[in-house]
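Enquirer: What follows is coords_3.cif; its format and atoms are mmCIF, C-alpha atoms.
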data_target
loop_
_atom_site.label_atom_id
_atom_site.label_comp_id
_atom_site.auth_asym_id
_atom_site.auth_seq_id
_atom_site.Cartn_x
_atom_site.Cartn_y
_atom_site.Cartn_z
CA MET A 815 66.53 -26.11 64.68
CA LYS A 816 67.51 -24.60 61.34
CA LYS A 817 68.89 -27.93 60.14
CA LYS A 818 65.64 -29.63 61.18
CA ASN A 819 63.55 -27.04 59.34
CA LYS A 820 65.73 -27.42 56.26
CA ALA A 821 65.29 -31.20 56.35
CA VAL A 822 61.51 -30.78 56.55
CA GLU A 823 61.58 -28.35 53.63
CA LEU A 824 63.56 -30.82 51.54
CA LEU A 825 61.12 -33.60 52.39
CA VAL A 826 58.18 -31.43 51.34
CA LYS A 827 59.93 -30.29 48.17
CA TYR A 828 60.89 -33.80 47.07
CA ARG A 829 57.92 -35.56 48.68
CA VAL A 830 56.83 -37.26 45.47
CA PHE A 831 60.21 -38.98 45.06
CA VAL A 832 60.23 -39.99 48.74
CA ILE A 833 56.75 -41.49 48.34
CA PHE A 834 57.82 -43.36 45.22
CA LEU A 835 60.90 -44.78 46.94
CA ALA A 836 58.88 -45.84 49.98
CA LEU A 837 56.22 -47.54 47.85
CA PHE A 838 58.86 -49.25 45.74
CA ILE A 839 60.49 -50.73 48.85
CA ILE A 840 57.12 -51.82 50.27
CA MET A 841 56.11 -53.55 47.03
CA ALA A 842 59.51 -55.22 46.67
CA VAL A 843 59.24 -56.64 50.20
CA SER A 844 55.59 -57.65 49.79
CA SER A 845 55.99 -59.67 46.59
CA ASP A 846 58.86 -61.85 45.42
CA SER A 847 57.93 -61.40 41.76
CA PHE A 848 57.73 -57.60 41.87
CA LEU A 849 61.39 -56.98 41.02
CA THR A 850 61.47 -59.40 38.09
CA ARG A 851 62.38 -57.92 34.72
CA SER A 852 59.12 -59.06 33.14
CA ASN A 853 57.01 -57.38 35.84
CA ILE A 854 58.96 -54.11 35.75
CA LEU A 855 58.65 -53.91 31.95
CA ASN A 856 54.97 -54.82 32.15
CA MET A 857 54.37 -52.10 34.74
CA LEU A 858 56.18 -49.49 32.65
CA ARG A 859 54.31 -50.60 29.53
CA GLN A 860 50.98 -50.20 31.31
CA LEU A 861 51.74 -46.79 32.79
CA SER A 862 53.15 -45.40 29.54
CA ILE A 863 49.65 -44.63 28.18
CA ASN A 864 48.72 -42.58 31.24
CA GLY A 865 52.18 -41.02 31.14
CA ILE A 866 51.76 -39.74 27.59
CA VAL A 867 48.38 -38.21 28.44
CA ALA A 868 49.80 -36.72 31.66
CA VAL A 869 52.51 -34.85 29.72
CA GLY A 870 49.86 -32.88 27.82
CA MET A 871 47.80 -32.44 30.98
CA THR A 872 50.80 -30.90 32.75
CA PHE A 873 51.02 -28.12 30.17
CA VAL A 874 47.32 -27.33 30.61
CA LEU A 875 47.42 -27.39 34.42
CA ILE A 876 50.45 -25.10 34.54
CA THR A 877 48.40 -22.42 32.76
CA GLY A 878 45.68 -22.83 35.38
CA GLY A 879 43.36 -24.76 33.07
CA ILE A 880 42.11 -28.32 32.97
CA ASP A 881 41.34 -30.79 30.18
CA LEU A 882 38.64 -33.34 30.94
CA SER A 883 38.35 -34.41 27.30
CA VAL A 884 41.64 -36.31 26.95
CA GLY A 885 40.15 -39.76 27.60
CA SER A 886 37.48 -39.28 24.94
CA VAL A 887 39.97 -37.71 22.52
CA LEU A 888 42.21 -40.75 23.01
CA THR A 889 39.31 -43.04 22.11
CA PHE A 890 37.82 -41.09 19.21
CA SER A 891 41.13 -40.31 17.49
CA ALA A 892 42.14 -43.99 17.65
CA MET A 893 38.75 -45.14 16.32
CA VAL A 894 38.93 -42.77 13.34
CA GLY A 895 42.55 -43.56 12.47
CA CYS A 896 42.26 -47.31 12.91
CA SER A 897 39.22 -47.51 10.66
CA PHE A 898 41.61 -47.04 7.72
CA ILE A 899 44.08 -49.83 8.53
CA GLN A 900 42.24 -53.07 9.07
CA GLU A 901 43.83 -56.04 7.30
CA GLY A 902 43.31 -55.79 3.56
CA SER A 903 42.95 -52.01 3.60
CA PRO A 904 44.91 -50.21 0.83
CA TYR A 905 45.76 -47.27 3.07
CA PRO A 906 49.22 -46.98 4.68
CA VAL A 907 49.74 -46.96 8.44
CA VAL A 908 51.35 -43.51 8.24
CA MET A 909 48.09 -42.06 6.95
CA ALA A 910 46.12 -43.61 9.82
CA VAL A 911 48.55 -42.20 12.36
CA ALA A 912 48.36 -38.76 10.71
CA ILE A 913 44.55 -38.84 10.78
CA SER A 914 44.52 -39.77 14.47
CA LEU A 915 46.92 -36.94 15.28
CA ALA A 916 44.84 -34.51 13.22
CA VAL A 917 41.71 -35.45 15.17
CA GLY A 918 43.51 -34.88 18.48
CA LEU A 919 44.96 -31.59 17.24
CA GLY A 920 41.57 -30.41 15.99
CA ILE A 921 39.75 -31.10 19.26
CA GLY A 922 42.61 -29.54 21.22
CA LEU A 923 42.45 -26.47 18.99
CA LEU A 924 38.70 -26.22 19.55
CA ASN A 925 39.16 -26.49 23.32
CA GLY A 926 41.89 -23.86 23.34
CA ALA A 927 39.97 -21.43 21.12
CA LEU A 928 36.83 -21.64 23.24
CA VAL A 929 38.80 -21.18 26.48
CA ALA A 930 41.09 -18.39 25.24
CA CYS A 931 38.89 -16.49 22.79
CA GLY A 932 35.41 -17.50 23.89
CA ARG A 933 36.32 -16.99 27.56
CA VAL A 934 34.36 -20.10 28.51
CA PRO A 935 35.66 -21.84 31.67
CA ALA A 936 37.99 -24.72 30.77
CA PHE A 937 36.02 -27.12 32.95
CA ILE A 938 32.83 -26.51 30.96
CA VAL A 939 34.51 -26.53 27.54
CA THR A 940 36.42 -29.75 28.06
CA LEU A 941 33.50 -31.45 29.79
CA GLY A 942 31.42 -30.65 26.71
CA THR A 943 34.03 -31.95 24.26
CA GLN A 944 34.51 -35.00 26.47
CA LEU A 945 30.84 -35.90 26.11
CA ALA A 946 30.78 -35.05 22.39
CA ALA A 947 33.92 -37.06 21.55
CA SER A 948 32.73 -39.98 23.67
CA GLY A 949 29.40 -40.03 21.88
CA ALA A 950 31.10 -39.68 18.50
CA ALA A 951 33.33 -42.67 19.26
CA LEU A 952 30.27 -44.80 19.98
CA LEU A 953 28.38 -43.46 16.97
CA PHE A 954 31.32 -43.95 14.60
CA ARG A 955 30.95 -47.74 14.45
CA ASN A 956 27.63 -48.12 16.29
CA GLY A 957 29.55 -49.02 19.45
CA SER A 958 31.53 -51.80 17.78
CA PRO A 959 35.34 -52.14 18.16
CA ILE A 960 37.73 -52.11 15.20
CA PRO A 961 39.79 -55.33 15.28
CA GLY A 962 42.19 -56.90 12.78
CA LEU A 963 44.64 -54.00 12.51
CA LYS A 964 47.72 -54.28 10.32
CA ASP A 965 50.78 -55.85 11.93
CA SER A 966 52.94 -52.85 11.01
CA PHE A 967 50.62 -50.68 13.10
CA ASN A 968 50.46 -53.15 15.98
CA ASN A 969 54.25 -53.01 16.23
CA ILE A 970 53.88 -49.47 17.63
CA GLY A 971 52.35 -50.92 20.78
CA ALA A 972 53.60 -54.50 20.80
CA GLY A 973 57.09 -54.13 19.32
CA SER A 974 60.36 -53.43 21.10
CA LEU A 975 63.72 -51.79 20.51
CA PHE A 976 66.83 -53.28 22.16
CA GLY A 977 64.50 -55.31 24.36
CA ILE A 978 62.56 -52.26 25.57
CA PRO A 979 58.85 -52.17 24.63
CA MET A 980 57.96 -49.38 22.20
CA PRO A 981 55.28 -47.79 24.44
CA ILE A 982 57.94 -47.16 27.10
CA ILE A 983 60.31 -45.61 24.56
CA ILE A 984 57.57 -43.38 23.12
CA PHE A 985 56.56 -42.24 26.61
CA PHE A 986 60.09 -41.31 27.67
CA VAL A 987 60.77 -39.50 24.38
CA ILE A 988 57.58 -37.45 24.81
CA ILE A 989 58.29 -36.58 28.44
CA LEU A 990 61.86 -35.54 27.53
CA VAL A 991 60.52 -33.32 24.74
CA GLY A 992 57.91 -31.89 27.12
CA GLY A 993 60.53 -31.16 29.76
CA PHE A 994 62.77 -29.48 27.19
CA ILE A 995 59.91 -27.27 25.96
CA LEU A 996 58.96 -26.20 29.48
CA ARG A 997 62.47 -25.44 30.70
CA LYS A 998 64.47 -24.45 27.64
CA THR A 999 62.11 -22.53 25.35
CA SER A 1000 60.37 -19.16 25.46
CA PHE A 1001 57.02 -20.94 25.05
CA GLY A 1002 57.70 -22.87 28.25
CA ARG A 1003 58.55 -19.70 30.15
CA HIS A 1004 55.41 -18.04 28.79
CA THR A 1005 53.36 -21.06 29.92
CA TYR A 1006 54.55 -20.58 33.51
CA ALA A 1007 53.97 -16.82 33.27
CA VAL A 1008 50.39 -17.20 32.06
CA GLY A 1009 49.65 -19.70 34.82
CA GLY A 1010 51.26 -17.51 37.47
CA ASN A 1011 49.48 -14.29 36.52
CA ALA A 1012 47.83 -13.90 33.14
CA LEU A 1013 47.33 -10.14 33.52
CA ALA A 1014 50.99 -9.56 34.38
CA ALA A 1015 52.05 -11.82 31.52
CA ARG A 1016 49.90 -9.83 29.09
CA ALA A 1017 51.39 -6.59 30.42
CA CYS A 1018 54.85 -7.99 29.63
CA GLY A 1019 53.86 -8.55 26.01
CA ILE A 1020 53.15 -12.29 26.25
CA LYS A 1021 50.31 -13.43 24.01
CA ASP A 1022 48.40 -15.29 26.68
CA LYS A 1023 45.59 -16.36 24.35
CA SER A 1024 48.06 -17.95 21.96
CA VAL A 1025 49.77 -19.81 24.83
CA THR A 1026 46.40 -21.05 26.09
CA VAL A 1027 45.40 -22.36 22.66
CA TRP A 1028 48.72 -24.14 22.20
CA VAL A 1029 48.68 -25.97 25.53
CA TYR A 1030 45.30 -27.47 24.65
CA VAL A 1031 46.62 -28.43 21.22
CA ILE A 1032 49.56 -30.18 22.93
CA SER A 1033 47.14 -31.96 25.27
CA GLY A 1034 45.01 -33.12 22.33
CA LEU A 1035 48.07 -34.37 20.44
CA CYS A 1036 49.34 -36.28 23.47
CA ALA A 1037 45.91 -37.88 23.92
CA ALA A 1038 45.91 -38.92 20.25
CA ILE A 1039 49.40 -40.42 20.54
CA ALA A 1040 48.27 -42.35 23.61
CA GLY A 1041 45.26 -43.60 21.65
CA ILE A 1042 47.50 -44.84 18.85
CA VAL A 1043 49.82 -46.64 21.26
CA LEU A 1044 46.93 -48.20 23.22
CA ALA A 1045 45.11 -49.42 20.09
CA ALA A 1046 48.35 -50.84 18.69
CA ARG A 1047 49.11 -52.57 21.96
CA VAL A 1048 45.75 -54.35 22.26
CA ARG A 1049 45.46 -54.71 18.44
CA THR A 1050 41.97 -53.23 18.55
CA ALA A 1051 40.41 -49.78 18.77
CA THR A 1052 37.46 -49.81 21.17
CA PRO A 1053 34.90 -47.04 21.83
CA LEU A 1054 35.45 -47.12 25.61
CA ALA A 1055 39.24 -47.46 25.68
CA GLY A 1056 39.94 -44.03 27.14
CA ASP A 1057 37.46 -44.05 30.01
CA GLY A 1058 39.07 -42.69 33.17
CA TYR A 1059 42.37 -41.60 31.65
CA GLU A 1060 41.62 -37.93 32.27
CA LEU A 1061 41.42 -38.56 36.02
CA ASP A 1062 44.58 -40.67 36.03
CA ALA A 1063 46.45 -37.96 34.11
CA ILE A 1064 45.29 -35.21 36.46
CA ALA A 1065 46.17 -37.38 39.46
CA ALA A 1066 49.68 -38.06 38.12
CA ALA A 1067 50.39 -34.40 37.41
CA VAL A 1068 49.01 -33.12 40.73
CA LEU A 1069 50.72 -35.88 42.67
CA GLY A 1070 53.94 -34.83 40.94
CA GLY A 1071 53.63 -31.27 42.23
CA THR A 1072 51.78 -29.50 39.43
CA SER A 1073 49.48 -26.94 41.01
CA LEU A 1074 45.79 -26.81 40.10
CA THR A 1075 45.97 -23.04 40.49
CA GLY A 1076 48.62 -22.77 37.78
CA GLY A 1077 52.19 -21.51 37.50
CA ILE A 1078 53.85 -24.51 39.17
CA GLY A 1079 54.86 -27.90 37.80
CA ASN A 1080 57.49 -29.80 35.87
CA MET A 1081 57.82 -32.98 33.84
CA TRP A 1082 60.06 -34.77 36.33
CA GLY A 1083 57.41 -34.42 39.00
CA THR A 1084 54.80 -35.68 36.53
CA LEU A 1085 57.05 -38.64 35.72
CA ALA A 1086 57.28 -39.46 39.42
CA GLY A 1087 53.49 -39.13 39.76
CA VAL A 1088 52.92 -41.47 36.82
CA LEU A 1089 55.35 -43.99 38.32
CA ILE A 1090 53.63 -43.85 41.71
CA ILE A 1091 50.19 -44.52 40.23
CA GLY A 1092 51.59 -47.28 38.03
CA LEU A 1093 53.43 -48.74 41.00
CA LEU A 1094 50.30 -48.72 43.14
CA ASN A 1095 48.14 -50.32 40.45
CA ASN A 1096 50.74 -52.97 39.68
CA GLY A 1097 51.45 -53.74 43.33
CA MET A 1098 47.82 -53.96 44.34
CA ASP A 1099 47.08 -56.22 41.38
CA MET A 1100 49.91 -58.52 42.44
CA LEU A 1101 48.55 -58.57 45.98
CA ASN A 1102 45.07 -59.41 44.64
CA ILE A 1103 43.48 -56.30 46.11
CA GLN A 1104 39.97 -55.70 44.73
CA SER A 1105 39.57 -52.98 42.11
CA TYR A 1106 37.13 -50.93 44.20
CA ILE A 1107 39.66 -50.77 47.03
CA GLN A 1108 42.26 -49.61 44.48
CA ASP A 1109 39.88 -46.80 43.50
CA ILE A 1110 39.51 -45.79 47.15
CA VAL A 1111 43.29 -45.72 47.62
CA GLN A 1112 43.82 -43.65 44.48
CA GLY A 1113 41.06 -41.23 45.50
CA VAL A 1114 42.63 -40.72 48.94
CA ILE A 1115 46.01 -40.09 47.31
CA ILE A 1116 44.57 -37.47 44.96
CA VAL A 1117 42.84 -35.60 47.80
CA ALA A 1118 46.01 -35.75 49.93
CA ALA A 1119 48.12 -34.45 47.03
CA VAL A 1120 45.75 -31.52 46.44
CA LEU A 1121 45.64 -30.77 50.17
CA ILE A 1122 49.44 -30.64 50.33
CA ASP A 1123 49.52 -28.51 47.17
CA VAL A 1124 47.02 -25.98 48.54
CA ASN A 1125 48.77 -25.66 51.91
CA THR A 1126 52.25 -25.46 50.34
CA ASN A 1127 51.17 -22.66 47.99
CA ARG A 1128 49.44 -20.81 50.82
CA GLU A 1129 52.61 -20.88 52.90
CA SER A 1130 54.71 -19.70 49.94
CA ARG A 1131 52.48 -16.65 49.60
#
Output the structure of this file as structure tokens.

Expert:
Amino acid sequence: MKKKNKAVELLVKYRVFVIFLALFIIMAVSSDSFLTRSNILNMLRQLSINGIVAVGMTFVLITGGIDLSVGSVLTFSAMVGCSFIQEGSPYPVVMAVAISLAVGLGIGLLNGALVACGRVPAFIVTLGTQLAASGAALLFRNGSPIPGLKDSFNNIGAGSLFGIPMPIIIFFVIILVGGFILRKTSFGRHTYAVGGNALAARACGIKDKSVTVWVYVISGLCAAIAGIVLAARVRTATPLAGDGYELDAIAAAVLGGTSLTGGIGNMWGTLAGVLIIGLLNNGMDMLNIQSYIQDIVQGVIIVAAVLIDVNTNRESR
């Protein structure tokens, strides 16, 4: 009986990896072209944008917060930065990238300051900045996209290194850095402490407001990086490019075991969650499943992941 209970505990603990493996096998059996190198690279390239956003979202969720603005930040930061590097522009690509990152950092800083110092619920703050940034992206060029970007910028999204597309490399570098920060630095430990019990963390001398501000800054920066990579990949910055990415990022993190109540989560789980969502989208596209059915499947998965999360945390208490 003890061995059986231990096996069940292991399945629950590593459920996200079990789900990924099961889905991978199902997709491989269902489609002959699924395991081809071109399809695997294409799938990883597509999920890398969501993966970058999900890294920042994981930090926020671990503190018990939420960031609904990441999709709009992705769009607005890319629109502002890319406006400087259309063909014939005298400005260097580095400056455009720096401007995009600054926009993401600024909105993240605003979110964090309002949540930590203004004591406004994160849901309300980030919903407000989501609407504001979305409107600003449309207003910036009267709803028009920004095409004709410099080739040196497009290489960020369309180039490759040793045969591996750059978006995949950027994603894995960011998730490795995120994992290192969470597990190997005092800031990471403080992030878990604030999410677990902010009052206890404050009593231990942890500056909970500072931690809260920084996780939103990280989320804003990750969204801006994702915007740069996405614009470079499609060679155009569009005012609706980031629609829905906030939900995909939350879904990936929660599916990977990050708790919506805070204090629990890690980058490896988020990586698995991102891979599962990317695997589902890629597999259902290959099987010609309609997009609205894909939305239903993803919605069911999110609800199931939250249900498991709530019940697992209740049992642990």

Enquirer: Write out as a ChimeraX atom specification each polymer residue whose atoms come within 10 Å of Ala910 in chain A, counting only C-alpha atoms; drop sequence neighbours fewer than 2 positions from it.

Expert: /A:891-899,905-908,912-916,967,1042

Enquirer: Run the PyMOL selection byres ((chain A and resi 1062-1067) around 7) mentally over the shown coordinates, then write out the matched residues as a PyMOL selection string, using the chain letters and numbers from the document.

Expert: chain A and resi 864+867-868+871-872+1058-1061+1068-1072+1084+1087-1088+1091+1116

Enquirer: Let's have the selection written as a PDB file, keeping the file's coordinate frame, with C-alpha atoms.

Expert:
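To be explicit, this is the file written out as result_10.pdb:
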ATOM      1  CA  ASN A 864      48.720 -42.580  31.240  1.00  0.00           C
ATOM      2  CA  VAL A 867      48.380 -38.210  28.440  1.00  0.00           C
ATOM      3  CA  ALA A 868      49.800 -36.720  31.660  1.00  0.00           C
ATOM      4  CA  MET A 871      47.800 -32.440  30.980  1.00  0.00           C
ATOM      5  CA  THR A 872      50.800 -30.900  32.750  1.00  0.00           C
ATOM      6  CA  GLY A1058      39.070 -42.690  33.170  1.00  0.00           C
ATOM      7  CA  TYR A1059      42.370 -41.600  31.650  1.00  0.00           C
ATOM      8  CA  GLU A1060      41.620 -37.930  32.270  1.00  0.00           C
ATOM      9  CA  LEU A1061      41.420 -38.560  36.020  1.00  0.00           C
ATOM     10  CA  VAL A1068      49.010 -33.120  40.730  1.00  0.00           C
ATOM     11  CA  LEU A1069      50.720 -35.880  42.670  1.00  0.00           C
ATOM     12  CA  GLY A1070      53.940 -34.830  40.940  1.00  0.00           C
ATOM     13  CA  GLY A1071      53.630 -31.270  42.230  1.00  0.00           C
ATOM     14  CA  THR A1072      51.780 -29.500  39.430  1.00  0.00           C
ATOM     15  CA  THR A1084      54.800 -35.680  36.530  1.00  0.00           C
ATOM     16  CA  GLY A1087      53.490 -39.130  39.760  1.00  0.00           C
ATOM     17  CA  VAL A1088      52.920 -41.470  36.820  1.00  0.00           C
ATOM     18  CA  ILE A1091      50.190 -44.520  40.230  1.00  0.00           C
ATOM     19  CA  ILE A1116      44.570 -37.470  44.960  1.00  0.00           C
TER      20      ILE A1116
END

Enquirer: Which of these residues is nearest to Ile840 in chain A, using only C-alpha atoms: A:Tyr1106, A:Met1098, A:Gly942, A:Arg997?

Expert: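 Under the stated criterion, the closest residue is A:Met1098.
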
Enquirer: Quick one, how far is CA of Leu1054 in chain A from CA of Ala947 in chain A?

Expert: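 Separating CA of Leu1054 in chain A from CA of Ala947 in chain A is a distance of 11.0 Å.
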
Enquirer: Any chance you could work out the residue set of the PyMOL selection byres ((chain A and resi 1012) around 12) here, as a PyMOL selection string?

Expert: chain A and resi 876-879+930+1004-1011+1013-1026+1075-1077

Enquirer: Got a sec: who's within 6 Å of Met841 in chain A, counting all atoms listed in the file, leaving out chain neighbours fewer than 3 positions off, as a PyMOL selection string?

Expert: chain A and resi 838+844+1097

Enquirer: Please enumerate the residues selected by the PyMOL selection byres ((chain A and resi 1035) around 8) when evaluated against the supplied file, formatted as an MDAnalysis selection string.

Expert: chainID A and resid 870 915:916 918:919 922 1031:1034 1036:1039

Enquirer: Please produce an output containing C-alpha atoms for each residue in the selection, written as a PDB file, in the coordinates of the input.

Expert:
ATOM      1  CA  GLY A 870      49.860 -32.880  27.820  1.00  0.00           C
ATOM      2  CA  LEU A 915      46.920 -36.940  15.280  1.00  0.00           C
ATOM      3  CA  ALA A 916      44.840 -34.510  13.220  1.00  0.00           C
ATOM      4  CA  GLY A 918      43.510 -34.880  18.480  1.00  0.00           C
ATOM      5  CA  LEU A 919      44.960 -31.590  17.240  1.00  0.00           C
ATOM      6  CA  GLY A 922      42.610 -29.540  21.220  1.00  0.00           C
ATOM      7  CA  VAL A1031      46.620 -28.430  21.220  1.00  0.00           C
ATOM      8  CA  ILE A1032      49.560 -30.180  22.930  1.00  0.00           C
ATOM      9  CA  SER A1033      47.140 -31.960  25.270  1.00  0.00           C
ATOM     10  CA  GLY A1034      45.010 -33.120  22.330  1.00  0.00           C
ATOM     11  CA  CYS A1036      49.340 -36.280  23.470  1.00  0.00           C
ATOM     12  CA  ALA A1037      45.910 -37.880  23.920  1.00  0.00           C
ATOM     13  CA  ALA A1038      45.910 -38.920  20.250  1.00  0.00           C
ATOM     14  CA  ILE A1039      49.400 -40.420  20.540  1.00  0.00           C
TER      15      ILE A1039
END

Enquirer: Specify the axis-aligned box that encloses all atoms of range 883-888 of chain A listed in the file after padding of 6 Å on each side, stating its centre and edge lengths in Å to one decimal as lines of an AutoDock Vina configuration file.

Expert:
center_x = 39.8
center_y = -37.6
center_z = 25.1
size_x = 16.7
size_y = 18.3
size_z = 17.1

Enquirer: Between CA of Val874 in chain A and CA of Ala936 in chain A, what distance in Å does the model show, to one decimal?

Expert: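 Value for the CA of Val874 in chain A-CA of Ala936 in chain A distance: 9.7 Å.
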
Enquirer: With all atoms listed in the file as the atoms that count, which of A:Met909, A:Ala1040, A:Ile989, A:Val1048 lies nearest to Val869 in chain A?

Expert: A:Ile989

Enquirer: Using only C-alpha atoms, pick whichever of A:Ser886, A:Gln900, A:Asn1080, A:Asn853 has the shortest atom-to-atom distance to Ser966 in chain A.

Expert: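 When distances to Ser966 in chain A are compared using only C-alpha atoms, the smallest one comes from A:Gln900.
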
Enquirer: Tell me, in Å to one decimal, how far CA of Asn1095 in chain A is from CA of Ala1118 in chain A.

Expert: 17.5 Å

Enquirer: For Gly992 in chain A, which residue out of A:Leu858, A:Ala836, A:Met1081, A:Ala1045 is the nearest one, using all atoms listed in the file?

Expert: A:Met1081

Enquirer: Determine the nearest neighbour of Arg955 in chain A from the options A:Thr1052, A:Asn1096, A:Gln1112, A:Asn925, counting only C-alpha atoms.

Expert: A:Thr1052

Enquirer: If we count only C-alpha atoms, what is near Gly977 in chain A at a cut-off of 12 Å, once residues fewer than 5 positions away on the same chain are taken out, given as a list in words?

Expert: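 The residues that qualify are Arg851, Ser852, Leu855, Ala972, Ile982 and Ile983 of chain A.
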
Enquirer: Because the input lacks atoms here, generate all heavy atoms for range 920-927 of chain A and report them as an mmCIF file, in the coordinates of the input.

Expert:
data_model
loop_
_atom_site.group_PDB
_atom_site.id
_atom_site.type_symbol
_atom_site.label_atom_id
_atom_site.label_comp_id
_atom_site.auth_asym_id
_atom_site.auth_seq_id
_atom_site.Cartn_x
_atom_site.Cartn_y
_atom_site.Cartn_z
ATOM 1 N N GLY A 920 42.769 -31.202 16.255
ATOM 2 C CA GLY A 920 41.570 -30.410 15.990
ATOM 3 C C GLY A 920 40.731 -30.199 17.240
ATOM 4 O O GLY A 920 40.260 -29.074 17.500
ATOM 5 N N ILE A 921 40.550 -31.246 18.031
ATOM 6 C CA ILE A 921 39.750 -31.100 19.260
ATOM 7 C C ILE A 921 40.497 -30.226 20.268
ATOM 8 O O ILE A 921 39.897 -29.394 20.958
ATOM 9 C CB ILE A 921 39.421 -32.473 19.859
ATOM 10 C CG1 ILE A 921 38.567 -33.286 18.882
ATOM 11 C CG2 ILE A 921 38.675 -32.306 21.195
ATOM 12 C CD1 ILE A 921 38.261 -34.693 19.342
ATOM 13 N N GLY A 922 41.821 -30.392 20.339
ATOM 14 C CA GLY A 922 42.610 -29.540 21.220
ATOM 15 C C GLY A 922 42.529 -28.080 20.814
ATOM 16 O O GLY A 922 42.420 -27.182 21.663
ATOM 17 N N LEU A 923 42.562 -27.840 19.498
ATOM 18 C CA LEU A 923 42.450 -26.470 18.990
ATOM 19 C C LEU A 923 41.088 -25.872 19.321
ATOM 20 O O LEU A 923 40.985 -24.701 19.708
ATOM 21 C CB LEU A 923 42.671 -26.469 17.472
ATOM 22 C CG LEU A 923 42.667 -25.110 16.757
ATOM 23 C CD1 LEU A 923 43.780 -24.227 17.282
ATOM 24 C CD2 LEU A 923 42.804 -25.311 15.249
ATOM 25 N N LEU A 924 40.054 -26.684 19.198
ATOM 26 C CA LEU A 924 38.700 -26.220 19.550
ATOM 27 C C LEU A 924 38.623 -25.878 21.028
ATOM 28 O O LEU A 924 38.089 -24.830 21.407
ATOM 29 C CB LEU A 924 37.685 -27.307 19.193
ATOM 30 C CG LEU A 924 36.231 -27.036 19.595
ATOM 31 C CD1 LEU A 924 35.696 -25.819 18.859
ATOM 32 C CD2 LEU A 924 35.356 -28.256 19.318
ATOM 33 N N ASN A 925 39.148 -26.755 21.871
ATOM 34 C CA ASN A 925 39.160 -26.490 23.320
ATOM 35 C C ASN A 925 39.880 -25.180 23.623
ATOM 36 O O ASN A 925 39.379 -24.331 24.365
ATOM 37 C CB ASN A 925 39.847 -27.631 24.059
ATOM 38 C CG ASN A 925 38.984 -28.869 24.190
ATOM 39 O OD1 ASN A 925 37.762 -28.791 24.130
ATOM 40 N ND2 ASN A 925 39.610 -30.021 24.368
ATOM 41 N N GLY A 926 41.083 -25.041 23.060
ATOM 42 C CA GLY A 926 41.890 -23.860 23.340
ATOM 43 C C GLY A 926 41.232 -22.581 22.856
ATOM 44 O O GLY A 926 41.264 -21.546 23.548
ATOM 45 N N ALA A 927 40.620 -22.628 21.669
ATOM 46 C CA ALA A 927 39.970 -21.430 21.120
ATOM 47 C C ALA A 927 38.780 -21.006 21.968
ATOM 48 O O ALA A 927 38.575 -19.810 22.229
ATOM 49 C CB ALA A 927 39.529 -21.701 19.679
#
